[in-house]
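What follows is the content of structure-v7.cif, which has mmCIF, C-alpha atoms:
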```
data_my_file
#
loop_
_atom_site.label_atom_id
_atom_site.label_comp_id
_atom_site.auth_asym_id
_atom_site.auth_seq_id
_atom_site.Cartn_x
_atom_site.Cartn_y
_atom_site.Cartn_z
CA MET A 255 33.05 4.52 9.77
CA ARG A 256 31.49 1.99 7.40
CA VAL A 257 27.97 1.04 8.51
CA VAL A 258 26.02 -1.72 6.78
CA LEU A 259 22.23 -1.53 7.04
CA LEU A 260 20.84 -5.02 6.49
CA THR A 261 17.22 -5.59 5.49
CA SER A 262 15.45 -8.42 3.68
CA TRP A 263 12.81 -5.94 2.46
CA HIS A 264 13.52 -4.07 -0.75
CA ALA A 265 14.49 -0.70 0.72
CA ALA A 266 12.90 1.30 -2.10
CA GLY A 267 9.59 -0.56 -1.99
CA THR A 268 6.27 0.14 -0.28
CA ALA A 269 5.73 -3.40 1.02
CA GLY A 270 7.02 -3.58 4.58
CA SER A 271 6.61 0.17 4.41
CA GLY A 272 7.55 0.95 8.02
CA VAL A 273 10.80 -1.00 7.72
CA ALA A 274 11.57 0.47 4.30
CA ALA A 275 10.93 3.99 5.62
CA SER A 276 13.17 3.43 8.64
CA VAL A 277 15.98 2.03 6.47
CA ARG A 278 15.79 4.96 4.04
CA GLY A 279 15.63 7.47 6.87
CA CYS A 280 18.57 5.97 8.77
CA ARG A 281 20.62 5.68 5.56
CA ASP A 282 20.15 9.30 4.51
CA ALA A 283 20.57 10.73 8.01
CA LEU A 284 23.71 8.74 8.82
CA ARG A 285 25.25 9.81 5.53
CA ALA A 286 24.38 13.42 6.34
CA VAL A 287 26.38 13.20 9.60
CA GLY A 288 29.40 11.80 7.77
CA GLU A 289 29.07 8.02 8.00
CA ASP A 290 29.87 5.67 5.12
CA VAL A 291 26.59 3.77 4.79
CA ARG A 292 25.81 0.79 2.58
CA VAL A 293 22.37 -0.82 2.38
CA VAL A 294 22.33 -4.56 1.71
CA CYS A 295 18.87 -5.63 0.57
CA PRO A 296 17.14 -7.70 -2.14
CA GLU A 297 16.48 -6.19 -5.55
CA ARG A 298 12.72 -6.61 -5.13
CA ASP A 299 10.05 -7.95 -2.80
CA ARG A 300 8.14 -11.13 -3.60
CA ALA A 301 4.39 -11.12 -4.14
CA GLY A 302 2.41 -12.67 -1.29
CA TYR A 303 3.12 -12.53 2.44
CA ILE A 304 4.25 -16.14 2.90
CA ARG A 305 6.24 -16.28 -0.32
CA ASN A 306 8.00 -13.06 0.61
CA ALA A 307 8.73 -14.36 4.12
CA VAL A 308 10.44 -17.43 2.64
CA ALA A 309 12.44 -15.17 0.32
CA ARG A 310 13.47 -12.99 3.27
CA ILE A 311 14.80 -15.98 5.19
CA ALA A 312 16.66 -17.22 2.10
CA PHE A 313 18.17 -13.75 1.64
CA ASN A 314 19.76 -14.02 5.09
CA HIS A 315 21.20 -17.45 4.37
CA ARG A 316 22.72 -16.21 1.10
CA LEU A 317 24.67 -13.37 2.71
CA ARG A 318 28.42 -13.54 2.06
CA PRO A 319 31.38 -11.99 3.91
CA LEU A 320 31.86 -9.75 0.86
CA ASP A 321 28.44 -8.18 1.55
CA LEU A 322 29.79 -6.87 4.87
CA ALA A 323 33.29 -6.00 3.67
CA GLY A 324 34.87 -3.21 5.69
CA ALA A 325 31.89 -2.80 8.01
CA ALA A 326 32.60 -1.49 11.50
CA VAL A 327 28.97 -2.16 12.48
CA VAL A 328 26.09 -4.11 10.94
CA ALA A 329 22.56 -2.90 11.75
CA GLY A 330 19.98 -5.59 10.98
CA PHE A 331 16.31 -4.64 10.83
CA ASP A 332 13.84 -6.95 12.61
CA PHE A 333 15.13 -10.54 12.28
CA ASP A 334 17.76 -9.78 9.63
CA GLY A 335 21.23 -10.87 10.65
CA PHE A 336 20.25 -14.10 12.37
CA ALA A 337 22.41 -16.19 10.00
CA LEU A 338 25.56 -14.03 10.15
CA PRO A 339 28.63 -15.97 11.31
CA ARG A 340 30.05 -15.20 14.72
CA GLY A 341 33.24 -13.19 14.93
CA GLY A 342 32.26 -10.53 12.42
CA PRO A 343 31.54 -6.85 13.04
CA PRO A 344 29.23 -6.00 15.96
CA LEU A 345 25.55 -6.59 15.19
CA VAL A 346 22.89 -4.06 16.17
CA GLN A 347 19.25 -5.07 15.86
CA VAL A 348 16.84 -2.29 14.89
CA ASN A 349 13.56 -3.76 16.11
CA GLY A 350 10.64 -1.77 14.77
CA GLY A 351 7.96 -4.44 14.95
CA VAL A 352 8.44 -7.01 17.76
CA LEU A 353 7.00 -9.86 15.73
CA ALA A 354 6.37 -12.07 18.76
CA ASP A 355 3.84 -9.49 19.96
CA ILE A 356 1.93 -9.04 16.70
CA VAL A 357 1.47 -12.80 16.22
CA ARG A 358 -1.68 -12.53 18.36
CA PHE A 359 -3.46 -10.51 15.67
CA GLU A 360 -3.04 -13.06 12.87
CA ARG A 361 -4.64 -16.40 12.05
CA GLY A 362 -3.93 -19.46 9.88
CA PRO A 363 -0.85 -19.74 7.64
CA VAL A 364 0.12 -16.09 8.17
CA ARG A 365 0.17 -16.61 11.94
CA TRP A 366 2.27 -19.78 11.58
CA THR A 367 4.71 -17.93 9.32
CA LEU A 368 4.93 -15.03 11.74
CA VAL A 369 5.72 -17.43 14.60
CA GLN A 370 8.74 -18.71 12.64
CA LEU A 371 9.91 -15.17 11.86
CA ALA A 372 9.48 -14.16 15.51
CA GLN A 373 11.75 -17.02 16.58
CA LEU A 374 14.42 -15.73 14.20
CA GLU A 375 13.90 -12.18 15.46
CA GLY A 376 14.38 -13.36 19.04
CA ARG A 377 17.60 -15.11 18.03
CA THR A 378 18.88 -11.91 16.43
CA ALA A 379 17.89 -9.83 19.47
CA ARG A 380 19.69 -12.12 21.93
CA ARG A 381 22.93 -12.20 19.92
CA ALA A 382 22.99 -8.47 19.11
CA ALA A 383 25.40 -6.23 20.97
CA VAL A 384 22.56 -3.70 21.25
CA VAL A 385 18.88 -3.71 20.33
CA VAL A 386 17.53 -0.36 19.11
CA ALA A 387 13.80 0.15 19.76
CA PRO A 388 11.84 3.17 18.49
CA SER A 389 9.67 3.57 21.61
CA ARG A 390 9.57 2.73 25.31
CA PHE A 391 6.76 0.28 24.59
CA ALA A 392 8.87 -1.53 21.99
CA ALA A 393 11.87 -1.66 24.33
CA ALA A 394 9.84 -3.15 27.18
CA THR A 395 8.23 -5.69 24.84
CA VAL A 396 11.59 -6.81 23.42
CA ALA A 397 12.87 -7.33 26.96
CA ARG A 398 9.75 -9.26 28.00
CA LEU A 399 9.27 -11.50 24.97
CA TYR A 400 12.86 -12.06 23.84
CA GLY A 401 14.66 -12.09 27.18
CA VAL A 402 17.04 -9.27 26.29
CA PRO A 403 18.46 -7.44 29.34
CA ALA A 404 17.21 -3.86 29.57
CA GLY A 405 20.82 -2.65 29.63
CA ARG A 406 21.31 -3.88 26.06
CA ILE A 407 18.26 -2.05 24.69
CA GLU A 408 18.41 1.58 23.54
CA VAL A 409 15.32 3.67 22.77
CA VAL A 410 16.02 5.68 19.60
CA PRO A 411 12.88 7.08 17.94
CA PHE A 412 12.72 7.30 14.18
CA GLY A 413 12.20 10.68 12.55
CA ILE A 414 10.94 12.80 9.71
CA ASP A 415 12.67 15.33 7.47
CA LEU A 416 10.35 18.30 7.99
CA ALA A 417 12.03 20.49 5.38
CA ASP A 418 11.59 17.80 2.72
CA TRP A 419 8.03 17.06 3.89
CA ASP A 420 7.12 20.75 3.68
CA LEU A 421 8.37 20.97 0.11
CA LYS A 422 6.19 18.00 -0.80
CA LEU A 423 3.19 19.51 0.98
CA GLN A 424 3.63 22.78 -0.90
CA ALA A 425 3.84 20.90 -4.20
CA ALA A 426 0.77 18.78 -3.39
CA LEU A 427 -2.49 19.31 -5.20
CA PRO A 428 -4.67 22.02 -3.61
CA ALA A 429 -7.02 20.90 -0.88
CA GLU A 430 -10.67 20.55 -1.77
CA ALA A 431 -12.74 23.31 -0.18
CA ASN A 432 -14.85 22.54 2.89
CA GLU A 433 -14.70 18.76 2.54
CA PRO A 434 -14.76 16.92 5.91
CA VAL A 435 -12.26 14.23 4.84
CA ILE A 436 -11.04 11.53 7.23
CA LEU A 437 -7.76 10.00 6.08
CA CYS A 438 -6.24 6.63 6.97
CA VAL A 439 -2.80 5.56 5.73
CA ALA A 440 -1.78 2.02 6.68
CA ARG A 441 -0.57 -1.38 5.61
CA LEU A 442 -3.68 -3.54 5.58
CA TYR A 443 -3.03 -5.92 8.47
CA PRO A 444 -5.69 -6.97 11.03
CA ARG A 445 -3.90 -5.09 13.81
CA LYS A 446 -4.33 -1.77 11.99
CA GLY A 447 -8.02 -1.61 12.96
CA LEU A 448 -9.64 -0.94 9.58
CA ASP A 449 -12.69 -2.87 10.82
CA LEU A 450 -13.03 -0.37 13.68
CA LEU A 451 -12.58 2.55 11.31
CA LEU A 452 -15.30 1.39 8.92
CA ALA A 453 -17.69 0.73 11.81
CA ALA A 454 -16.90 4.17 13.25
CA PHE A 455 -17.48 5.80 9.87
CA ALA A 456 -21.01 4.39 9.84
CA HIS A 457 -21.61 6.46 13.00
CA VAL A 458 -19.91 9.50 11.45
CA ILE A 459 -22.06 9.71 8.32
CA ARG A 460 -25.24 9.69 10.42
CA GLU A 461 -24.02 12.85 12.17
CA VAL A 462 -21.96 14.43 9.36
CA PRO A 463 -23.51 13.20 6.07
CA ALA A 464 -20.96 15.11 3.96
CA ALA A 465 -18.01 13.29 5.56
CA ARG A 466 -15.69 11.28 3.33
CA LEU A 467 -13.24 8.52 4.20
CA GLU A 468 -10.05 8.07 2.19
CA ILE A 469 -7.92 4.97 2.72
CA VAL A 470 -4.37 4.62 1.40
CA GLY A 471 -2.57 1.30 1.62
CA ALA A 472 -2.69 -2.36 0.66
CA GLY A 473 -1.81 -5.69 2.21
CA LEU A 474 -3.29 -8.89 3.57
CA LEU A 475 -6.81 -7.45 3.86
CA ASP A 476 -7.26 -6.24 0.27
CA ARG A 477 -10.12 -8.61 -0.54
CA TRP A 478 -11.77 -8.10 2.83
CA LEU A 479 -11.60 -4.31 2.50
CA ALA A 480 -13.08 -4.31 -1.01
CA ALA A 481 -16.03 -6.40 0.21
CA ALA A 482 -16.45 -4.36 3.40
CA ILE A 483 -16.59 -1.09 1.46
CA ALA A 484 -19.10 -2.54 -1.01
CA ALA A 485 -21.39 -3.54 1.88
CA HIS A 486 -20.93 -0.31 3.87
CA PRO A 487 -23.89 2.09 4.23
CA GLY A 488 -21.56 4.95 3.31
CA ARG A 489 -19.86 3.20 0.40
CA GLY A 490 -20.39 6.20 -1.85
CA ARG A 491 -18.40 8.30 0.63
CA ILE A 492 -15.40 5.93 0.86
CA ALA A 493 -12.43 5.97 -1.53
CA TRP A 494 -9.67 3.36 -1.35
CA TYR A 495 -6.51 4.24 -3.25
CA GLY A 496 -4.36 1.16 -2.56
CA ASP A 497 -0.60 1.53 -2.26
CA GLN A 498 0.80 4.94 -3.15
CA PRO A 499 4.45 6.00 -3.54
CA PRO A 500 5.82 8.07 -0.63
CA ASP A 501 5.94 11.25 -2.73
CA ALA A 502 2.18 11.01 -3.36
CA LEU A 503 1.20 10.91 0.31
CA PRO A 504 1.35 14.66 1.05
CA THR A 505 -1.55 15.25 -1.35
CA PHE A 506 -3.76 13.01 0.80
CA TYR A 507 -2.66 14.57 4.09
CA ARG A 508 -3.21 18.07 2.73
CA ARG A 509 -6.76 17.19 1.68
CA ALA A 510 -7.66 15.65 5.05
CA ALA A 511 -9.43 17.36 7.93
CA VAL A 512 -8.62 14.54 10.37
CA PHE A 513 -6.26 11.57 10.35
CA CYS A 514 -7.57 8.33 11.86
CA LEU A 515 -5.69 5.07 12.31
CA PRO A 516 -7.30 3.05 15.13
CA SER A 517 -4.42 0.60 15.30
CA ARG A 518 -4.41 -2.11 17.95
CA HIS A 519 -0.63 -2.27 17.94
CA GLU A 520 2.12 0.20 17.09
CA THR A 521 5.76 0.29 18.11
CA PHE A 522 6.20 3.76 16.58
CA GLY A 523 3.83 4.90 13.83
CA PHE A 524 5.25 6.77 10.84
CA ALA A 525 1.74 7.65 9.66
CA PHE A 526 1.00 9.48 12.92
CA LEU A 527 4.22 11.45 12.49
CA GLU A 528 3.33 12.35 8.90
CA ALA A 529 -0.13 13.48 9.98
CA MET A 530 1.29 15.68 12.74
CA ALA A 531 3.92 17.08 10.37
CA SER A 532 1.00 18.03 8.10
CA ALA A 533 -0.72 19.81 11.03
CA ARG A 534 -3.60 17.34 11.01
CA PRO A 535 -5.23 16.15 14.26
CA VAL A 536 -4.99 12.42 14.96
CA VAL A 537 -7.71 10.11 16.22
CA SER A 538 -6.59 6.68 17.39
CA LEU A 539 -6.59 4.23 20.32
CA ASP A 540 -4.88 4.63 23.69
CA THR A 541 -2.73 1.50 23.39
CA THR A 542 0.84 0.22 22.87
CA ALA A 543 3.20 3.02 21.68
CA ILE A 544 0.47 5.30 20.34
CA PRO A 545 0.30 7.54 23.46
CA GLU A 546 4.06 8.08 23.12
CA MET A 547 3.43 9.57 19.68
CA VAL A 548 -0.01 11.17 20.01
CA ARG A 549 -0.71 13.22 23.13
CA ASP A 550 -4.36 12.82 24.01
CA GLY A 551 -6.12 16.18 24.12
CA GLU A 552 -3.02 17.99 22.85
CA THR A 553 -2.16 16.65 19.39
CA GLY A 554 -5.12 14.32 18.93
CA LEU A 555 -7.86 12.32 20.61
CA LEU A 556 -7.43 8.72 21.79
CA ALA A 557 -10.30 6.31 22.37
CA ARG A 558 -9.97 4.27 25.55
CA ARG A 559 -11.61 1.17 24.09
CA GLU A 560 -11.96 -0.62 20.77
CA ASP A 561 -15.43 0.85 20.49
CA PRO A 562 -16.65 2.13 17.10
CA GLY A 563 -19.16 4.38 18.85
CA GLU A 564 -16.48 6.10 20.93
CA LEU A 565 -14.16 6.37 17.95
CA GLY A 566 -16.94 7.76 15.76
CA ALA A 567 -17.87 10.33 18.41
CA LEU A 568 -14.29 11.62 18.49
CA LEU A 569 -14.25 11.95 14.70
CA VAL A 570 -17.60 13.76 14.68
CA ARG A 571 -16.34 16.10 17.40
CA LEU A 572 -13.39 17.24 15.27
CA LEU A 573 -15.34 17.43 12.02
CA ARG A 574 -17.92 19.65 13.72
CA ASP A 575 -15.32 21.81 15.46
CA PRO A 576 -12.69 22.88 12.92
CA ALA A 577 -11.23 25.30 15.47
CA GLU A 578 -10.36 22.48 17.87
CA ALA A 579 -9.03 20.44 14.96
CA ARG A 580 -6.74 23.32 13.98
CA VAL A 581 -5.44 23.71 17.55
CA LEU A 582 -4.66 19.99 17.82
CA GLY A 583 -3.09 19.99 14.36
CA ALA A 584 -0.87 22.97 15.17
CA ALA A 585 0.31 21.30 18.37
CA GLY A 586 1.00 18.13 16.41
CA ARG A 587 3.14 20.09 14.00
CA VAL A 588 5.25 21.36 16.92
CA ARG A 589 5.53 17.84 18.31
CA ALA A 590 6.59 16.41 14.93
CA ALA A 591 9.50 18.84 14.90
CA GLY A 592 10.90 16.93 17.89
CA PHE A 593 11.30 13.78 15.79
CA SER A 594 14.13 14.58 13.39
CA TRP A 595 16.22 12.09 11.46
CA THR A 596 19.26 14.14 12.46
CA GLN A 597 18.61 13.31 16.12
CA THR A 598 18.13 9.65 15.20
CA ALA A 599 21.41 9.60 13.29
CA GLN A 600 23.35 11.29 16.08
CA SER A 601 22.04 8.77 18.62
CA LEU A 602 22.92 5.86 16.34
CA GLN A 603 26.33 7.34 15.58
CA THR A 604 27.15 7.56 19.29
CA LEU A 605 25.96 3.99 19.83
CA PHE A 606 27.90 2.61 16.85
CA ARG A 607 31.13 4.28 17.95
CA ARG A 608 30.72 2.88 21.45
CA ILE A 609 30.48 -0.75 20.32
CA SER A 610 32.78 -0.77 17.27
#
```
If you convert what's in this file into structure tokens, what do you get?
Amino acid sequence: MRVVLLTSWHAAGTAGSGVAASVRGCRDALRAVGEDVRVVCPERDRAGYIRNAVARIAFNHRLRPLDLAGAAVVAGFDFDGFALPRGGPPLVQVNGGVLADIVRFERGPVRWTLVQLAQLEGRTARRAAVVVAPSRFAAATVARLYGVPAGRIEVVPFGIDLADWDLKLQAALPAEANEPVILCVARLYPRKGLDLLLAAFAHVIREVPAARLEIVGAGLLDRWLAAAIAAHPGRGRIAWYGDQPPDALPTFYRRAAVFCLPSRHETFGFAFLEAMASARPVVSLDTTAIPEMVRDGETGLLARREDPGELGALLVRLLRDPAEARVLGAAGRVRAAGFSWTQTAQSLQTLFRRIS
């Protein structure tokens, strides 16, 4: 069966990293189970959030019937597919973001742009034969904000290739001895909670002066983060590495003692899955889809409020108790094994055959 995966993000890029990761993962896993998969995407991403958003909309309007030739199913990611003509192959929306819900975290021109994209995403969701959501939270939010009947929404979690991840971990640079490193990997959007993390780290260094914070990622908050680090009381203990290619990430996870991403909104959370696959305990917030990924007290610790003091106390607890950190990390490793791309592909394959 020919499956077209449609995304207006450059599938090999790091911008839109969650979407790019889900496209790559679905592509490789569907091919592994015997499907004929073609990815239709732009050759590159545009610089700047608003400029790239305009380019993404234009990409959809430029799609031609030839791009979908022979497709039994088209799977559009987020709003992609809104401009496809009626009467073509069945459209499946893979909704990994729910843009109408994350609008509330943005301001100014970015918020206005996101409102327009959310309207397009809602249009795609309502016309799709099926909407695929990576979590129960995402499924419920799609139904609530886009008016999609629950019977047309399927929960299909994304995955990780543990065998490939393990090879990369083994090839990663050796961990630094006895360094209490806190790692955060994220796109730099307001909803990712970097402000909470920096405030929490101020509490951490008072209790664990040797602690270090490593941040990997870039995005809308680049200038803010640079200024915030420069003004931070622990600025000498903070390293920001910007965007890194996927193959470089295992080195950071291997070096970390704890992973912390106090995100205010997640529909899945690839970074949590990578941390658990690396046997690292996770500290985050008890909100949106995060409790579906991170089991509080079992694979990590979840703060009940957006409180830097509470978040900092959880980080200090794990840095001071490596034994507990190891137990949580080991349990996370077991949990990560339950999120395989093979399972994702098999679920999608069944769905695609049902509607084609």
Worksheet item: Around (-2.5, -5.1, 6.6) in the file's frame, which residues reach within 6 Å when counting all atoms listed in the file? Return as a ChimeraX atom specification?
Response: /A:441-444,473-475
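Proximity of A:Leu259, A:Leu450, A:Ala531, A:Val327 to Ala557 of chain A, computed with all atoms listed in the file, is greatest for A:Leu450.
As for atom CA of Asp332 of chain A and atom CA of Ile356 of chain A, they are spaced 12.8 Å apart.
Atom CA of Ala393 of chain A is positioned 19.2 Å from atom CA of Gln600 of chain A.
Distances here use all atoms listed in the file; by that measure, the residue among A:Val273, A:Gly554, A:Asp501, A:Thr541 closest to Cys514 of chain A is A:Gly554.
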Practice prompt. Name the residues that the PyMOL selection byres ((chain A and resi 548) around 12) pulls out of this structure, and write them as number ranges by chain.
Written response: A: 513-516, 520, 522-531, 534-547, 549-557, 582-583, 585-590
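Proximity of A:Arg518, A:Arg558, A:Lys422, A:Arg377 to Phe506 of chain A, computed with all atoms listed in the file, is greatest for A:Lys422.
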